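Chemist: This one is protein_36.cif, mmCIF, C-alpha atoms.
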data_run
loop_
_atom_site.label_atom_id
_atom_site.label_comp_id
_atom_site.auth_asym_id
_atom_site.auth_seq_id
_atom_site.Cartn_x
_atom_site.Cartn_y
_atom_site.Cartn_z
CA MET A 1 12.60 17.28 11.38
CA CYS A 2 9.13 18.44 10.56
CA ILE A 3 8.13 19.20 6.98
CA THR A 4 5.58 21.97 6.93
CA GLY A 5 3.39 22.92 4.04
CA MET A 6 0.59 25.41 3.80
CA TYR A 7 -2.16 25.93 1.30
CA ILE A 8 -4.21 29.06 1.18
CA ILE A 9 -7.76 29.04 -0.07
CA ASP A 10 -9.44 31.95 -1.85
CA GLU A 11 -13.08 31.03 -2.34
CA ARG A 12 -13.70 33.87 -4.80
CA LYS A 13 -11.07 32.81 -7.32
CA GLN A 14 -10.86 29.12 -6.39
CA THR A 15 -7.10 29.34 -6.34
CA TRP A 16 -4.70 28.71 -3.50
CA LYS A 17 -3.99 32.39 -2.88
CA GLY A 18 -6.12 34.36 -0.53
CA MET A 19 -7.10 34.79 3.08
CA ARG A 20 -8.29 31.50 4.58
CA GLN A 21 -5.58 29.04 5.42
CA MET A 22 -5.01 25.67 7.04
CA LEU A 23 -1.58 24.43 7.92
CA ILE A 24 -0.72 20.80 7.22
CA GLN A 25 2.34 19.58 9.09
CA ILE A 26 4.08 16.31 8.27
CA ASP A 27 6.41 14.59 10.71
CA GLU A 28 8.61 12.34 8.60
CA TYR A 29 9.89 10.55 11.73
CA SER A 30 6.43 9.64 13.00
CA ASP A 31 5.25 6.03 13.04
CA VAL A 32 2.00 7.31 11.54
CA PRO A 33 2.08 7.04 7.73
CA ILE A 34 2.11 10.36 5.88
CA TYR A 35 -1.24 9.75 4.19
CA MET A 36 -2.80 9.22 7.66
CA GLN A 37 -1.16 12.38 9.02
CA ILE A 38 -2.73 14.35 6.16
CA ARG A 39 -6.07 12.57 6.61
CA ASN A 40 -6.14 13.20 10.35
CA GLN A 41 -5.37 16.89 9.95
CA ILE A 42 -8.06 17.35 7.30
CA VAL A 43 -10.61 15.57 9.52
CA MET A 44 -9.61 17.81 12.44
CA GLY A 45 -9.89 20.84 10.14
CA ILE A 46 -13.43 19.84 9.15
CA SER A 47 -14.41 19.12 12.75
CA GLY A 48 -12.83 22.34 14.04
CA GLY A 49 -14.38 24.55 11.36
CA GLU A 50 -11.13 25.44 9.57
CA LEU A 51 -12.58 23.66 6.53
CA ARG A 52 -16.24 24.52 5.98
CA PRO A 53 -18.92 22.40 4.31
CA GLY A 54 -18.66 22.70 0.54
CA GLU A 55 -15.19 24.20 0.70
CA GLN A 56 -12.83 23.37 -2.16
CA LEU A 57 -9.70 21.40 -1.24
CA PRO A 58 -6.44 21.81 -3.12
CA THR A 59 -5.84 19.57 -6.08
CA VAL A 60 -3.83 16.44 -5.42
CA ARG A 61 -0.88 17.90 -7.28
CA ALA A 62 -1.04 21.31 -5.54
CA LEU A 63 -1.23 19.85 -2.04
CA ALA A 64 1.52 17.32 -2.75
CA MET A 65 3.78 20.06 -4.06
CA GLU A 66 3.06 22.42 -1.15
CA ILE A 67 3.87 19.89 1.56
CA GLY A 68 6.59 18.05 -0.35
CA VAL A 69 5.09 14.59 -0.72
CA ASN A 70 4.33 12.26 -3.62
CA THR A 71 1.04 12.87 -5.45
CA MET A 72 0.06 9.23 -4.85
CA THR A 73 0.20 9.90 -1.09
CA VAL A 74 -2.29 12.76 -1.36
CA SER A 75 -4.41 10.75 -3.79
CA LYS A 76 -4.59 7.89 -1.27
CA THR A 77 -5.61 10.38 1.43
CA TYR A 78 -8.39 11.84 -0.70
CA GLN A 79 -9.63 8.35 -1.63
CA MET A 80 -9.77 7.44 2.05
CA LEU A 81 -11.58 10.67 3.00
CA LYS A 82 -14.09 10.06 0.20
CA ALA A 83 -14.71 6.47 1.33
CA GLU A 84 -15.22 7.69 4.90
CA GLY A 85 -17.78 10.25 3.72
CA TYR A 86 -15.86 13.43 4.58
CA ILE A 87 -15.28 14.73 1.04
CA LEU A 88 -16.74 14.49 -2.45
CA THR A 89 -14.57 14.28 -5.53
CA ASP A 90 -15.23 14.58 -9.23
CA ARG A 91 -13.04 15.22 -12.24
CA LYS A 92 -14.63 18.57 -13.07
CA ASN A 93 -14.73 20.23 -9.63
CA GLY A 94 -11.97 18.40 -7.74
CA ALA A 95 -12.35 17.63 -4.03
CA ARG A 96 -14.75 19.44 -1.70
CA VAL A 97 -15.77 19.00 1.91
CA ARG A 98 -19.19 17.36 2.00
CA THR A 99 -22.00 19.72 2.92
CA GLU A 100 -23.58 17.03 5.09
CA ILE A 101 -21.52 14.39 6.83
CA GLU A 102 -23.44 11.34 7.99
CA GLN A 103 -23.44 11.12 11.76
CA SER A 104 -23.79 7.58 13.09
CA GLY A 105 -23.62 8.60 16.75
CA GLN A 106 -21.14 5.74 17.25
CA ILE A 107 -17.40 5.58 17.87
CA SER A 108 -15.68 3.12 15.55
CA GLU A 109 -13.84 0.14 17.01
CA ALA A 110 -10.56 1.52 15.67
CA ASN A 111 -11.18 4.82 17.46
CA LYS A 112 -12.17 3.01 20.67
CA THR A 113 -8.87 1.12 20.53
CA GLU A 114 -6.94 4.35 19.96
CA LEU A 115 -8.79 6.08 22.80
CA ARG A 116 -8.04 3.15 25.11
CA ARG A 117 -4.34 3.45 24.23
CA ILE A 118 -4.36 7.19 24.93
CA VAL A 119 -6.17 6.72 28.26
CA SER A 120 -3.75 3.94 29.24
CA GLU A 121 -0.71 6.09 28.45
CA ALA A 122 -2.22 9.02 30.35
CA ARG A 123 -2.90 6.81 33.37
CA LEU A 124 0.66 5.42 33.30
CA SER A 125 1.98 8.99 33.03
CA GLY A 126 0.04 9.98 36.14
CA VAL A 127 -2.37 12.31 34.37
CA PRO A 128 -5.43 12.80 36.60
CA LYS A 129 -8.73 11.58 35.15
CA ALA A 130 -10.22 15.06 35.56
CA GLU A 131 -7.44 16.56 33.42
CA LEU A 132 -8.04 13.98 30.68
CA ILE A 133 -11.78 14.71 30.74
CA ALA A 134 -11.02 18.45 30.59
CA LEU A 135 -8.92 17.83 27.46
CA ILE A 136 -11.75 15.88 25.86
CA ASP A 137 -14.11 18.77 26.65
CA GLN A 138 -11.63 21.21 25.13
CA TYR A 139 -11.26 19.21 21.90
CA TYR A 140 -14.93 18.36 21.56
#
Written as structure tokens, how would this file's structure read?
Modeler:
Amino acid sequence: MCITGMYIIDERKQTWKGMRQMLIQIDEYSDVPIYMQIRNQIVMGISGGELRPGEQLPTVRALAMEIGVNTMTVSKTYQMLKAEGYILTDRKNGARVRTEIEQSGQISEANKTELRRIVSEARLSGVPKAELIALIDQYY
């Protein structure tokens, strides 16, 4: 079963009704914790341009309610994203995508380990190297 939630962003009114939207999908049977699923999708949204620099994110309560998770789960996600430098938070304005994200030009050790796992599984599945490189090009 996949729990799906959606929030819709209207930049003019700063409410969650409007035109721009990003879908957050939670797989409750995944081995990946829910807060990481949310985090990963927000990071992909920032990277892919679905969430623009300076864009307001839903409040912790609104996002938790929309996707059917505990507010502490969303709060943990936002704290992690803030610590990683992807978002800014303050009590008055809530959470926003940072206008400038520091680029180290390095892949973290955790991401290298994850990439190695993915490459290993692809190799064991018989996926040609060229196809894997084409996927990286597509996602980059």
Chemist: If you count only C-alpha atoms, which residues fall within 8 Å of Ile38 (chain A), apart from same-chain ones fewer than 2 positions away, as a PyMOL selection string?
Modeler: chain A and resi 24-26+34-36+40-42+74+77
Chemist: Quick one, how far is CA of Lys112 (chain A) from CA of Asp137 (chain A)?
Modeler: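 Value for the CA of Lys112 (chain A)-CA of Asp137 (chain A) distance: 17.0 Å.
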Chemist: Neighbours of region 95-98 of chain A within 9 Å (all atoms listed in the file; same-chain residues fewer than 3 positions away dropped), as a PyMOL selection string?
Modeler: chain A and resi 46+51-60+78+82+85-91+101
Chemist: To one decimal in Å, tell me the separation between CA of Gln103 (chain A) and CA of Glu84 (chain A).
Modeler: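 Separating CA of Gln103 (chain A) from CA of Glu84 (chain A) is a distance of 11.2 Å.
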Chemist: What gap, in Å, lies between CA of Asp27 (chain A) and CA of Met44 (chain A)?
Modeler: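 Computed distance, CA of Asp27 (chain A) to CA of Met44 (chain A), equals 16.4 Å.
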Chemist: Looking at A:Pro128, A:Gly48, A:Gly68, A:Gly94, which one is nearest to Glu28 (chain A), with distances taken over all atoms listed in the file?
Modeler: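 Going through A:Pro128, A:Gly48, A:Gly68, A:Gly94 one by one, the smallest distance to Glu28 (chain A) is for A:Gly68.
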Chemist: Of the candidates A:Thr99, A:Leu135, A:Ser104, A:Pro33, which shows the shortest atom-to-atom distance to Val69 (chain A), using only C-alpha atoms?
Modeler: A:Pro33
Chemist: When you count all atoms listed in the file, which of these residues is closest to Ile133 (chain A): A:Val119, A:Thr113, A:Ser75, A:Gly49?
Modeler: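 With all atoms listed in the file as the atom set, the closest residue is A:Val119.
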Chemist: Around all the atoms of region 114-131 of chain A listed in the file, draw an axis-aligned box and extend it by 4 Å on each of the six sides; I want its centre and edge lengths in Å to one decimal, as lines of an AutoDock Vina configuration file.
Modeler:
center_x = -4.1
center_y = 9.9
center_z = 28.3
size_x = 20.2
size_y = 21.4
size_z = 24.6
